[in-house]
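Asker: As input, take protein10.txt (compact mmCIF, C-alpha atoms):
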```txt
# COMPACT_ATOMS: atom_id res chain seq x y z
CA MET W 6 6.92 -6.29 9.55
CA THR W 7 6.01 -2.63 9.12
CA SER W 8 4.95 -0.38 11.96
CA LEU W 9 3.00 2.80 12.54
CA VAL W 10 3.81 4.72 15.71
CA VAL W 11 1.45 7.39 17.04
CA LEU W 12 4.11 9.97 17.84
CA SER W 13 3.41 13.04 19.97
CA GLY W 14 7.06 13.91 20.46
CA GLY W 15 6.82 13.20 24.19
CA LEU W 16 8.71 10.68 26.28
CA ASP W 17 6.32 7.73 25.93
CA SER W 18 5.77 7.82 22.18
CA THR W 19 9.50 8.35 21.59
CA VAL W 20 10.27 5.20 23.58
CA CYS W 21 7.68 3.44 21.37
CA MET W 22 9.71 4.56 18.34
CA ALA W 23 12.74 2.87 19.91
CA VAL W 24 10.79 -0.35 20.46
CA ALA W 25 8.86 -0.57 17.16
CA GLU W 26 10.11 -2.71 14.31
CA PRO W 27 11.28 -0.62 11.34
CA PRO W 28 10.45 0.55 8.75
CA ILE W 29 8.27 2.98 10.67
CA VAL W 30 5.57 5.42 9.67
CA ALA W 31 5.30 8.03 12.45
CA LEU W 32 1.84 9.62 12.75
CA THR W 33 1.49 12.97 14.52
CA PHE W 34 -1.71 14.92 15.09
CA ASP W 35 -1.91 18.66 14.84
CA TYR W 36 -5.16 19.06 16.77
CA GLY W 37 -4.83 22.62 17.99
CA GLN W 38 -3.11 21.62 21.22
CA ARG W 39 -1.63 24.37 23.42
CA HIS W 40 1.68 22.58 23.40
CA ARG W 41 2.20 22.89 19.67
CA SER W 42 5.95 22.73 20.04
CA GLU W 43 5.48 18.99 20.56
CA ILE W 44 4.83 18.73 16.81
CA ASP W 45 8.33 20.06 16.06
CA HIS W 46 9.75 17.64 18.60
CA ALA W 47 7.86 14.80 16.90
CA ALA W 48 9.44 15.80 13.60
CA GLY W 49 12.86 15.70 15.26
CA VAL W 50 12.28 12.24 16.67
CA ALA W 51 10.86 10.95 13.37
CA GLY W 52 13.92 12.32 11.60
CA TYR W 53 16.22 10.63 14.12
CA TYR W 54 14.67 7.27 13.22
CA GLU W 55 14.46 8.10 9.48
CA ALA W 56 10.74 7.39 9.70
CA ASP W 57 8.17 8.57 7.19
CA HIS W 58 6.47 11.34 9.18
CA VAL W 59 2.76 11.89 8.51
CA VAL W 60 1.17 14.92 10.23
CA VAL W 61 -2.62 14.88 10.22
CA ARG W 62 -4.42 18.15 10.89
CA LEU W 63 -7.67 17.77 12.78
CA ASP W 64 -8.77 20.91 14.54
CA LEU W 65 -10.42 20.03 17.86
CA THR W 66 -10.28 23.59 19.23
CA GLY W 67 -13.80 24.51 18.16
CA TRP W 68 -15.33 21.77 20.29
CA GLY W 69 -14.22 22.99 23.68
CA GLY W 70 -14.32 20.70 26.66
CA SER W 71 -10.59 20.42 27.38
CA ALA W 72 -7.91 22.61 28.89
CA LEU W 73 -5.51 21.30 26.25
CA THR W 74 -7.50 22.67 23.31
CA ASP W 75 -9.64 25.45 24.82
CA ALA W 76 -7.73 28.58 25.81
CA SER W 77 -10.64 29.65 28.03
CA ILE W 78 -10.06 26.72 30.40
CA ASP W 79 -7.08 27.21 32.70
CA LEU W 80 -4.52 24.49 33.12
CA PRO W 81 -4.60 23.38 36.75
CA ALA W 82 -2.35 25.41 39.04
CA PRO W 83 0.61 23.45 40.36
CA VAL W 84 0.07 21.94 43.81
CA PRO W 85 3.42 21.32 45.51
CA GLY W 86 3.76 17.69 46.55
CA ALA W 87 0.40 16.67 45.06
CA ASP W 88 0.01 13.31 43.30
CA ALA W 89 -0.64 14.12 39.65
CA THR W 90 -2.41 10.80 39.16
CA ALA W 91 -4.97 11.31 41.95
CA GLY W 92 -8.36 13.01 41.70
CA GLY W 93 -10.21 11.39 38.78
CA ILE W 94 -10.35 12.61 35.17
CA PRO W 95 -8.59 16.00 34.92
CA VAL W 96 -9.48 19.07 32.80
CA THR W 97 -6.65 18.19 30.42
CA TYR W 98 -8.71 15.21 29.20
CA VAL W 99 -9.54 15.69 25.50
CA PRO W 100 -12.87 14.04 24.59
CA ALA W 101 -12.35 10.91 22.48
CA ARG W 102 -8.70 11.75 21.74
CA ASN W 103 -7.26 8.23 21.70
CA LEU W 104 -10.43 6.90 20.06
CA ILE W 105 -9.88 9.37 17.21
CA PHE W 106 -6.10 8.93 17.06
CA LEU W 107 -6.33 5.13 16.93
CA SER W 108 -9.09 5.27 14.31
CA VAL W 109 -7.03 7.49 12.03
CA ALA W 110 -3.97 5.31 12.70
CA MET W 111 -5.96 2.26 11.59
CA GLY W 112 -7.02 4.05 8.41
CA VAL W 113 -3.42 4.99 7.57
CA ALA W 114 -2.19 1.49 8.46
CA GLU W 115 -4.76 -0.15 6.21
CA ALA W 116 -4.22 2.27 3.33
CA ARG W 117 -0.44 1.74 3.48
CA GLY W 118 -0.46 -1.97 4.24
CA LEU W 119 1.18 -1.66 7.69
CA ASP W 120 0.93 -4.55 10.14
CA THR W 121 1.13 -2.98 13.59
CA VAL W 122 0.13 0.25 15.34
CA TYR W 123 2.08 1.35 18.42
CA LEU W 124 0.46 3.62 20.99
CA GLY W 125 2.42 4.82 24.02
CA VAL W 126 -0.43 4.69 26.52
CA ASN W 127 0.36 3.91 30.08
CA ALA W 128 -2.06 2.93 32.82
CA LEU W 129 0.22 3.19 35.86
CA ASP W 130 1.84 6.62 36.13
CA TYR W 131 -0.82 8.33 34.04
CA SER W 132 -3.26 11.19 34.20
CA GLY W 133 -6.48 9.22 34.73
CA TYR W 134 -7.71 9.44 31.14
CA PRO W 135 -10.23 6.62 30.46
CA ASP W 136 -8.86 6.10 26.94
CA CYS W 137 -5.47 5.01 28.31
CA ARG W 138 -6.81 1.91 30.05
CA PRO W 139 -6.11 -1.63 28.77
CA GLU W 140 -9.84 -2.44 28.61
CA PHE W 141 -10.32 0.40 26.13
CA ILE W 142 -7.42 -0.74 23.96
CA GLU W 143 -8.67 -4.35 23.89
CA SER W 144 -12.18 -3.27 23.00
CA PHE W 145 -10.88 -0.96 20.28
CA GLN W 146 -8.86 -3.78 18.74
CA ALA W 147 -12.01 -5.90 18.42
CA THR W 148 -14.03 -3.00 16.99
CA ALA W 149 -11.35 -2.12 14.45
CA ALA W 150 -11.21 -5.71 13.24
CA LEU W 151 -14.93 -5.42 12.40
CA ALA W 152 -14.49 -2.05 10.67
CA LEU W 153 -11.53 -2.78 8.44
CA LYS W 154 -11.24 -4.78 5.24
CA ARG W 155 -8.13 -6.38 6.74
CA GLY W 156 -10.15 -7.51 9.74
CA VAL W 157 -12.76 -9.09 7.48
CA ASP W 158 -9.92 -10.74 5.55
CA GLY W 159 -8.53 -12.26 8.77
CA ARG W 160 -5.36 -10.11 8.84
CA PRO W 161 -6.23 -7.45 11.45
CA VAL W 162 -3.84 -4.59 12.13
CA GLU W 163 -2.35 -5.37 15.54
CA ILE W 164 -2.30 -2.67 18.22
CA ARG W 165 0.74 -2.79 20.50
CA THR W 166 1.00 -0.83 23.75
CA PRO W 167 4.44 -1.81 25.04
CA LEU W 168 4.38 0.74 27.88
CA ILE W 169 0.95 0.03 29.29
CA ASP W 170 2.15 -1.86 32.38
CA LEU W 171 5.34 0.14 32.97
CA THR W 172 5.98 2.83 35.54
CA LYS W 173 7.34 6.15 34.27
CA ALA W 174 10.72 5.13 35.71
CA ASP W 175 10.56 1.85 33.74
CA ILE W 176 9.81 3.83 30.59
CA VAL W 177 12.83 6.09 31.16
CA ARG W 178 15.04 3.03 31.75
CA LEU W 179 13.70 1.32 28.62
CA GLY W 180 14.34 4.45 26.59
CA VAL W 181 17.92 4.74 27.83
CA GLU W 182 18.52 1.02 27.20
CA ARG W 183 17.28 1.29 23.60
CA GLY W 184 19.14 4.52 22.92
CA ALA W 185 15.98 6.59 22.41
CA PRO W 186 16.69 10.29 21.71
CA LEU W 187 15.13 11.51 24.94
CA HIS W 188 16.92 14.84 24.52
CA LEU W 189 14.61 15.55 21.57
CA THR W 190 11.36 14.97 23.47
CA TRP W 191 8.79 17.43 24.83
CA SER W 192 6.23 16.55 27.51
CA CYS W 193 4.99 19.89 28.88
CA TYR W 194 1.30 20.74 28.37
CA ARG W 195 2.03 24.46 28.25
CA GLY W 196 3.41 26.26 25.22
CA GLY W 197 6.71 28.08 25.47
CA THR W 198 10.33 27.21 24.87
CA VAL W 199 11.18 25.52 28.18
CA PRO W 200 9.03 23.02 30.11
CA CYS W 201 7.01 24.65 32.94
CA GLY W 202 7.98 21.95 35.42
CA SER W 203 4.62 22.11 37.18
CA CYS W 204 1.85 20.71 34.91
CA ASP W 205 0.70 17.09 35.33
CA SER W 206 2.82 15.97 32.42
CA CYS W 207 6.01 17.69 33.66
CA ALA W 208 5.40 16.30 37.15
CA LEU W 209 5.00 12.72 35.89
CA ARG W 210 8.10 13.05 33.73
CA ALA W 211 10.22 14.45 36.56
CA LYS W 212 9.07 11.65 38.87
CA GLY W 213 10.02 9.05 36.25
CA PHE W 214 13.52 10.39 35.66
CA ALA W 215 14.10 10.83 39.41
CA GLU W 216 13.01 7.29 40.23
CA ALA W 217 15.10 5.89 37.39
CA GLY W 218 18.12 7.82 38.63
CA VAL W 219 18.60 9.42 35.23
CA VAL W 220 19.19 13.12 34.53
CA ASP W 221 16.58 14.41 32.08
CA PRO W 222 18.60 15.29 28.95
CA ALA W 223 15.89 17.66 27.71
CA LEU W 224 16.23 20.07 30.65
CA MET A 7 -32.67 15.26 24.22
CA THR A 8 -30.02 16.69 21.95
CA SER A 9 -28.76 14.94 18.83
CA LEU A 10 -25.76 14.85 16.58
CA VAL A 11 -26.32 13.62 13.03
CA VAL A 12 -23.40 12.58 10.84
CA LEU A 13 -24.56 14.34 7.66
CA SER A 14 -23.05 13.65 4.26
CA GLY A 15 -25.79 15.43 2.35
CA GLY A 16 -26.93 12.16 0.77
CA LEU A 17 -30.28 10.42 0.97
CA ASP A 18 -29.64 8.29 4.05
CA SER A 19 -28.15 10.93 6.33
CA THR A 20 -30.84 13.42 5.31
CA VAL A 21 -33.54 10.96 6.34
CA CYS A 22 -31.66 10.65 9.66
CA MET A 23 -32.01 14.42 10.06
CA ALA A 24 -35.77 13.99 9.63
CA VAL A 25 -35.86 11.27 12.29
CA ALA A 26 -33.49 12.77 14.90
CA GLU A 27 -34.84 14.66 17.88
CA PRO A 28 -34.00 18.37 17.70
CA PRO A 29 -32.05 20.45 18.54
CA ILE A 30 -29.56 18.94 16.14
CA VAL A 31 -25.86 19.41 15.58
CA ALA A 32 -25.08 18.24 12.01
CA LEU A 33 -21.52 16.99 11.53
CA THR A 34 -20.06 16.87 8.02
CA PHE A 35 -16.59 15.68 7.04
CA ASP A 36 -14.53 17.34 4.37
CA TYR A 37 -12.13 14.46 3.78
CA GLY A 38 -11.02 15.17 0.26
CA GLN A 39 -13.78 13.10 -1.32
CA ARG A 40 -14.25 13.28 -5.10
CA HIS A 41 -17.86 14.17 -4.60
CA ARG A 42 -17.17 17.42 -2.78
CA SER A 43 -20.46 18.88 -3.87
CA GLU A 44 -22.03 16.71 -1.17
CA ILE A 45 -20.63 19.16 1.38
CA ASP A 46 -22.68 22.00 -0.13
CA HIS A 47 -25.71 19.73 -0.14
CA ALA A 48 -25.10 18.91 3.52
CA ALA A 49 -25.05 22.63 4.28
CA GLY A 50 -28.37 23.00 2.49
CA VAL A 51 -29.96 20.16 4.47
CA ALA A 52 -28.54 21.47 7.77
CA GLY A 53 -29.95 24.90 6.95
CA TYR A 54 -33.36 23.39 6.15
CA TYR A 55 -33.48 21.91 9.66
CA GLU A 56 -31.90 25.01 11.28
CA ALA A 57 -29.21 22.73 12.68
CA ASP A 58 -25.84 23.89 13.93
CA HIS A 59 -23.58 22.71 11.09
CA VAL A 60 -20.05 21.64 12.02
CA VAL A 61 -17.71 20.82 9.14
CA VAL A 62 -14.57 18.96 10.16
CA ARG A 63 -11.65 18.92 7.74
CA LEU A 64 -9.63 15.74 7.78
CA ASP A 65 -7.65 15.16 4.64
CA LEU A 66 -7.58 11.46 3.80
CA THR A 67 -6.33 11.97 0.24
CA GLY A 68 -2.66 11.46 1.08
CA TRP A 69 -3.29 7.93 2.33
CA GLY A 70 -4.51 6.38 -0.88
CA GLY A 71 -6.32 3.09 -0.84
CA SER A 72 -9.75 4.25 -2.04
CA ALA A 73 -11.32 5.30 -5.31
CA LEU A 74 -13.26 7.96 -3.38
CA THR A 75 -10.15 9.80 -2.19
CA ASP A 76 -7.44 8.77 -4.63
CA ALA A 77 -7.74 10.24 -8.11
CA SER A 78 -5.37 7.57 -9.46
CA ILE A 79 -7.91 4.80 -8.77
CA ASP A 80 -10.76 4.70 -11.27
CA LEU A 81 -14.33 4.48 -10.11
CA PRO A 82 -15.75 1.20 -11.37
CA ALA A 83 -17.24 1.35 -14.84
CA PRO A 84 -21.01 0.96 -14.88
CA VAL A 85 -22.21 -2.58 -15.59
CA PRO A 86 -25.75 -2.52 -17.02
CA GLY A 87 -28.08 -4.65 -14.95
CA ALA A 88 -25.40 -5.57 -12.39
CA ASP A 89 -26.26 -5.82 -8.71
CA ALA A 90 -24.37 -2.98 -7.01
CA THR A 91 -24.37 -4.85 -3.69
CA ALA A 92 -22.72 -8.00 -5.04
CA GLY A 93 -19.02 -8.75 -5.32
CA GLY A 94 -17.46 -8.09 -1.92
CA ILE A 95 -15.84 -4.87 -0.68
CA PRO A 96 -15.57 -2.41 -3.60
CA VAL A 97 -12.78 0.06 -4.47
CA THR A 98 -14.93 2.90 -3.15
CA TYR A 99 -14.37 1.59 0.40
CA VAL A 100 -12.44 4.22 2.43
CA PRO A 101 -10.22 2.60 5.10
CA ALA A 102 -11.64 3.17 8.59
CA ARG A 103 -14.06 5.86 7.42
CA ASN A 104 -16.98 5.12 9.76
CA LEU A 105 -14.56 4.27 12.58
CA ILE A 106 -13.05 7.76 12.21
CA PHE A 107 -16.38 9.54 11.64
CA LEU A 108 -18.02 7.92 14.68
CA SER A 109 -14.95 8.64 16.84
CA VAL A 110 -14.98 12.32 15.93
CA ALA A 111 -18.77 12.40 16.40
CA MET A 112 -18.30 11.00 19.91
CA GLY A 113 -15.73 13.67 20.69
CA VAL A 114 -18.04 16.46 19.51
CA ALA A 115 -21.01 14.91 21.35
CA GLU A 116 -19.08 14.69 24.60
CA ALA A 117 -17.58 18.18 24.29
CA ARG A 118 -21.01 19.69 23.61
CA GLY A 119 -23.02 17.53 26.00
CA LEU A 120 -25.15 15.83 23.32
CA ASP A 121 -27.00 12.61 24.14
CA THR A 122 -27.30 10.73 20.87
CA VAL A 123 -25.35 10.26 17.64
CA TYR A 124 -27.25 9.30 14.48
CA LEU A 125 -25.48 7.50 11.66
CA GLY A 126 -27.32 6.63 8.45
CA VAL A 127 -25.67 3.28 7.85
CA ASN A 128 -27.64 0.61 6.13
CA ALA A 129 -26.85 -3.08 5.92
CA LEU A 130 -29.40 -4.19 3.35
CA ASP A 131 -29.14 -2.19 0.12
CA TYR A 132 -25.55 -1.18 0.75
CA SER A 133 -22.17 -1.27 -0.87
CA GLY A 134 -20.61 -4.07 1.16
CA TYR A 135 -18.51 -1.82 3.42
CA PRO A 136 -17.61 -3.71 6.64
CA ASP A 137 -18.09 -0.56 8.75
CA CYS A 138 -21.80 -0.40 7.88
CA ARG A 139 -22.63 -3.70 9.59
CA PRO A 140 -24.61 -3.86 12.85
CA GLU A 141 -21.87 -5.89 14.56
CA PHE A 142 -19.43 -3.05 13.96
CA ILE A 143 -21.84 -0.44 15.34
CA GLU A 144 -22.54 -2.51 18.48
CA SER A 145 -18.85 -3.08 19.11
CA PHE A 146 -18.08 0.60 18.58
CA GLN A 147 -20.74 1.59 21.11
CA ALA A 148 -19.07 -0.58 23.75
CA THR A 149 -15.59 0.72 22.90
CA ALA A 150 -16.72 4.36 23.01
CA ALA A 151 -18.27 3.83 26.44
CA LEU A 152 -14.81 2.79 27.68
CA ALA A 153 -13.07 5.75 26.01
CA LEU A 154 -15.31 8.60 27.09
CA LYS A 155 -15.70 10.35 30.43
CA ARG A 156 -19.46 10.05 29.94
CA GLY A 157 -19.12 6.30 29.59
CA VAL A 158 -17.12 6.10 32.82
CA ASP A 159 -19.79 8.27 34.45
CA GLY A 160 -22.52 5.83 33.36
CA ARG A 161 -24.13 8.22 30.84
CA PRO A 162 -22.80 6.92 27.50
CA VAL A 163 -23.57 8.75 24.28
CA GLU A 164 -26.10 6.54 22.48
CA ILE A 165 -25.52 5.64 18.83
CA ARG A 166 -28.71 5.32 16.77
CA THR A 167 -28.81 3.78 13.31
CA PRO A 168 -32.50 4.06 12.40
CA LEU A 169 -31.97 2.93 8.80
CA ILE A 170 -29.83 -0.13 9.42
CA ASP A 171 -32.57 -2.69 8.73
CA LEU A 172 -34.40 -0.76 6.01
CA THR A 173 -34.29 -1.29 2.27
CA LYS A 174 -33.46 1.73 0.12
CA ALA A 175 -37.14 1.86 -0.85
CA ASP A 176 -38.11 1.91 2.86
CA ILE A 177 -35.68 4.80 3.39
CA VAL A 178 -37.24 6.77 0.52
CA ARG A 179 -40.70 6.13 1.94
CA LEU A 180 -39.63 7.15 5.44
CA GLY A 181 -38.09 10.34 4.08
CA VAL A 182 -41.24 11.25 2.17
CA GLU A 183 -43.41 10.47 5.22
CA ARG A 184 -41.29 12.73 7.45
CA GLY A 185 -41.08 15.52 4.90
CA ALA A 186 -37.30 15.21 4.45
CA PRO A 187 -35.90 17.66 1.84
CA LEU A 188 -34.87 14.93 -0.60
CA HIS A 189 -34.61 17.52 -3.37
CA LEU A 190 -31.56 18.95 -1.56
CA THR A 191 -29.63 15.65 -1.37
CA TRP A 192 -26.66 14.39 -3.37
CA SER A 193 -25.67 10.72 -3.59
CA CYS A 194 -23.38 10.46 -6.63
CA TYR A 195 -19.76 9.42 -6.00
CA ARG A 196 -18.52 11.41 -8.99
CA GLY A 197 -17.98 15.14 -8.94
CA GLY A 198 -19.92 17.34 -11.33
CA THR A 199 -23.19 19.19 -11.27
CA VAL A 200 -25.58 16.37 -12.15
CA PRO A 201 -25.51 12.78 -10.82
CA CYS A 202 -23.78 10.34 -13.19
CA GLY A 203 -26.57 7.80 -12.84
CA SER A 204 -24.16 4.89 -13.09
CA CYS A 205 -21.96 4.65 -9.97
CA ASP A 206 -22.87 2.27 -7.12
CA SER A 207 -24.43 5.06 -5.14
CA CYS A 208 -26.55 6.38 -8.01
CA ALA A 209 -27.64 2.83 -8.85
CA LEU A 210 -28.74 2.10 -5.27
CA ARG A 211 -30.58 5.41 -5.06
CA ALA A 212 -32.41 4.86 -8.36
CA LYS A 213 -33.44 1.35 -7.26
CA GLY A 214 -34.80 2.74 -4.00
CA PHE A 215 -36.90 5.46 -5.59
CA ALA A 216 -38.17 3.06 -8.28
CA GLU A 217 -39.21 0.41 -5.77
CA ALA A 218 -40.87 3.03 -3.56
CA GLY A 219 -42.78 4.36 -6.57
CA VAL A 220 -41.49 7.87 -5.92
CA VAL A 221 -39.98 10.23 -8.51
CA ASP A 222 -36.53 11.37 -7.37
CA PRO A 223 -36.96 15.12 -6.74
CA ALA A 224 -33.21 15.74 -7.10
CA LEU A 225 -33.11 14.67 -10.77
```
For this file, write the structure as structure tokens.

Answerer:
Amino acid sequence: MTSLVVLSGGLDSTVCMAVAEPPIVALTFDYGQRHRSEIDHAAGVAGYYEADHVVVRLDLTGWGGSALTDASIDLPAPVPGADATAGGIPVTYVPARNLIFLSVAMGVAEARGLDTVYLGVNALDYSGYPDCRPEFIESFQATAALALKRGVDGRPVEIRTPLIDLTKADIVRLGVERGAPLHLTWSCYRGGTVPCGSCDSCALRAKGFAEAGVVDPAL
Amino acid sequence: MTSLVVLSGGLDSTVCMAVAEPPIVALTFDYGQRHRSEIDHAAGVAGYYEADHVVVRLDLTGWGGSALTDASIDLPAPVPGADATAGGIPVTYVPARNLIFLSVAMGVAEARGLDTVYLGVNALDYSGYPDCRPEFIESFQATAALALKRGVDGRPVEIRTPLIDLTKADIVRLGVERGAPLHLTWSCYRGGTVPCGSCDSCALRAKGFAEAGVVDPAL
């Protein structure tokens, strides 16, 4: 079995690295995100697992439409005590991001003869992005089987989303249990050298570590 | 109505430009293809229609697996009199190409508020690529509706494939009827300054013009 892991360098995708069957190809996207330091963190995690690290450049900044790729859209101001998962699809949504990432992952998997693609999406403690829902993943799997030579040949590349039904606390626990290098991860949406502690992603991460009773080793 | 056309600069996508409702955003991929001159031809066609031309760089050459992107794989030698559409999926198949192209097109369409995406796929006189079949397009449309904010909002981006049931001769006729700038198009898979006349793509094009009784204005 050979695996491809879509690796952002954050908590979820790093736990996927710990779960995936080696040998692993780790696939990271350099898409013009504000939080570019996550790419360096991805390289660190890939190195930890001695994975082949493929970085694909795909500049989404010219399209606009997301606070993560468009500097003219402000990241939401922190709201003390607010539920980061409430309030519908947030401005940090990037149009078609997981659709694009999974499509490229399928192309790499087919070209390199890999059997499985791991994506660290999560539909419980998440940010309300439509492309993190199980119904999207299932539909994508069927579509990819029609698009790929391997699908036509009856050997589709299997998409695995081992975190999809887990809470953030469950993900932290799973990472600790599998010895994932959580100290190497980066979750913050903002650039900079230390996490801001107040964006959606920092808030979800903090909640997960707190509920799991684990001290975040990256802070 | 606003349209996005996936424009390679070849015959089929140029006829799509002639069919699409303006204003048009033309989307071209620079993916490391051998036939890079098609990008210049796409720019010429986009200019002819005064379309906003977006060129997305996505380097697929490192993946291997296709004669179109991997210089170490030979393009098939010409076989006089052979049927270019026979023989299963050819070496010019690029893993996940239309899956990736449509996904990026959806992202651009959503970011820019466009209503329709045109793709010049064709399932009659075609090269046997699985991602040109109607069942793939239909499945992708459903998957994209689950991935995009617009889908969740009940206003999915509509994919149109106006050439899917046409023969190559029908496509030539439609292009002539709509005044498409066929003299600006490039279909050959090989690089160079004149079409080779012998690759699958040249063979299909020549068949189409011959059956339509039209002299190819690009030769």

Asker: Tell me which residues come within 8 Å of (-11.2, 4.4, 19.7), as a PyMOL selection string, counting only C-alpha atoms in the file's coordinates.

Answerer: (chain W and resi 101+103-108+136+141-142+145) or (chain A and resi 105+109+146+149-150+153)

Asker: Write out as number ranges by chain each polymer residue whose atoms come within 8 Å of Thr121 (chain W), counting only C-alpha atoms; drop sequence neighbours fewer than 6 positions from it.

Answerer: W: 6-9, 114, 162-165

Asker: Rank nothing, just name the residue among W:Gly125, W:Pro200, W:Gly213, W:Gly112 nearest to Val177 (chain W), using all atoms listed in the file.

Answerer: W:Gly213

Asker: Expressed in Å to a single decimal, how great is the separation between CA of Leu16 (chain W) and CA of Ile44 (chain W)?

Answerer: 13.0 Å

Asker: So that each row is one residue of chain W with an atom at most 10 Å from chain A, can you give its shortest atom pair and the distance in Å to one decimal, using all atoms listed in the file, rows by chain and rising number, as a tab-separated table?

Answerer:
```
residue	atom	partner	partner_atom	distance
W:Val59	CA	A:Gly68	CA	9.2
W:Val61	CA	A:Leu64	CA	7.5
W:Arg62	CA	A:Leu64	CA	6.5
W:Leu63	CA	A:Leu64	CA	5.7
W:Asp64	CA	A:Val62	CA	7.5
W:Leu65	CA	A:Val114	CA	8.6
W:Gly67	CA	A:Val114	CA	9.2
W:Trp68	CA	A:Ala117	CA	5.8
W:Gly69	CA	A:Ala117	CA	5.9
W:Gly70	CA	A:Ala117	CA	4.8
W:Ser71	CA	A:Ala117	CA	8.0
W:Ile94	CA	A:Lys155	CA	7.5
W:Tyr98	CA	A:Lys155	CA	8.6
W:Val99	CA	A:Gly113	CA	8.1
W:Pro100	CA	A:Gly113	CA	4.9
W:Ala101	CA	A:Gly113	CA	4.7
W:Arg102	CA	A:Gly113	CA	7.4
W:Asn103	CA	A:Ala153	CA	7.6
W:Leu104	CA	A:Ser109	CA	5.8
W:Ile105	CA	A:Ser109	CA	5.1
W:Phe106	CA	A:Ile106	CA	8.6
W:Leu107	CA	A:Ile106	CA	8.6
W:Ser108	CA	A:Ile106	CA	5.1
W:Val109	CA	A:Ile106	CA	6.0
W:Ala110	CA	A:Ala102	CA	9.0
W:Met111	CA	A:Ala102	CA	6.5
W:Gly112	CA	A:Ala102	CA	4.7
W:Val113	CA	A:Trp69	CA	6.0
W:Ala114	CA	A:Pro101	CA	8.8
W:Glu115	CA	A:Pro101	CA	6.2
W:Ala116	CA	A:Gly71	CA	4.7
W:Arg117	CA	A:Trp69	CA	6.9
W:Gly118	CA	A:Gly71	CA	9.3
W:Tyr134	CA	A:Lys155	CA	8.1
W:Pro135	CA	A:Ala153	CA	5.4
W:Asp136	CA	A:Ala153	CA	4.3
W:Cys137	CA	A:Ala153	CA	8.0
W:Arg138	CA	A:Ala153	CA	8.4
W:Pro139	CA	A:Leu152	CA	9.8
W:Glu140	CA	A:Leu152	CA	7.3
W:Phe141	CA	A:Leu152	CA	5.3
W:Ile142	CA	A:Thr149	CA	8.4
W:Glu143	CA	A:Thr149	CA	8.6
W:Ser144	CA	A:Thr149	CA	5.2
W:Phe145	CA	A:Thr149	CA	5.6
W:Gln146	CA	A:Thr149	CA	9.1
W:Ala147	CA	A:Ser145	CA	7.4
W:Thr148	CA	A:Ser145	CA	5.3
W:Ala149	CA	A:Leu105	CA	7.4
W:Ala150	CA	A:Phe142	CA	8.7
W:Leu151	CA	A:Phe142	CA	5.3
W:Ala152	CA	A:Asp137	CA	4.3
W:Leu153	CA	A:Ala102	CA	6.0
W:Lys154	CA	A:Pro136	CA	6.6
W:Arg155	CA	A:Pro101	CA	9.4
W:Gly156	CA	A:Pro136	CA	8.9
W:Val157	CA	A:Pro136	CA	7.3
```

Asker: In Å, how far is it from CA of Leu13 (chain A) to CA of His59 (chain A)?

Answerer: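 Rounded to one decimal, the two atoms are 9.1 Å apart.
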
Asker: For CA of Ala211 (chain W) and CA of Leu224 (chain W), determine how far apart the two atoms are, in Å to one decimal place.

Answerer: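 That distance, rounded to one decimal, is 10.1 Å.
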
Asker: Which neighbours of His46 (chain W) fall inside 9 Å, counting all atoms listed in the file, when residues of the same chain fewer than 5 positions from it are skipped, and could you give them as a list of chain:residue names?

Answerer: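 Using all atoms listed in the file, the neighbours found are W:Ser13, W:Gly14, W:Gly15, W:Ala51, W:Leu189, W:Thr190, W:Trp191.
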
Asker: For a quick check of understanding, using only C-alpha atoms, which of W:Val181, W:Val30, W:Ala217, W:Leu187 has the smallest distance to Tyr123 (chain W)?

Answerer: W:Val30

Asker: Would you kindly return, as a list in words, each protein, DNA or RNA residue with an atom no farther than 9 Å from any atom of Ala57 (chain A), considering all atoms listed in the file and excluding same-chain residues fewer than 3 positions away?

Answerer: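 Listed by chain and then number, they are Pro28, Pro29, Ile30, Val31, Ala32, Val51, Ala52, Gly53 and Tyr54 of chain A.
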
Asker: Now that the selection is made, can you save its residues with C-alpha atoms as a PDB file, keeping the file's coordinate frame?

Answerer:
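In the end it all went to result35.pdb:
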```pdb
ATOM      1  CA  PRO A  28     -34.000  18.370  17.700  1.00  0.00           C
ATOM      2  CA  PRO A  29     -32.050  20.450  18.540  1.00  0.00           C
ATOM      3  CA  ILE A  30     -29.560  18.940  16.140  1.00  0.00           C
ATOM      4  CA  VAL A  31     -25.860  19.410  15.580  1.00  0.00           C
ATOM      5  CA  ALA A  32     -25.080  18.240  12.010  1.00  0.00           C
ATOM      6  CA  VAL A  51     -29.960  20.160   4.470  1.00  0.00           C
ATOM      7  CA  ALA A  52     -28.540  21.470   7.770  1.00  0.00           C
ATOM      8  CA  GLY A  53     -29.950  24.900   6.950  1.00  0.00           C
ATOM      9  CA  TYR A  54     -33.360  23.390   6.150  1.00  0.00           C
TER      10      TYR A  54
END
```

Asker: Name all residues at most 12 Å from Arg41 (chain W) (count only C-alpha atoms; drop same-chain ones fewer than 6 positions away) and give them as a list of chain:residue names.

Answerer: W:Ser13, W:Gly14, W:Gly15, W:Thr33, W:Phe34, W:Asp35, W:Ala47, W:Ala48, W:Arg62, W:Leu73, W:Thr74, W:Trp191, W:Ser192, W:Cys193, W:Tyr194, W:Arg195, W:Gly196, W:Gly197, W:Thr198

Asker: Which centre and which edge lengths, in Å to one decimal, describe the axis-aligned box that holds all listed atoms of region 170-184 of chain W after 6 Å is added on each side, as JSON?

Answerer:
```
{"center_x": 10.6, "center_y": 2.1, "center_z": 29.3, "size_x": 29.0, "size_y": 20.0, "size_z": 24.8}
```
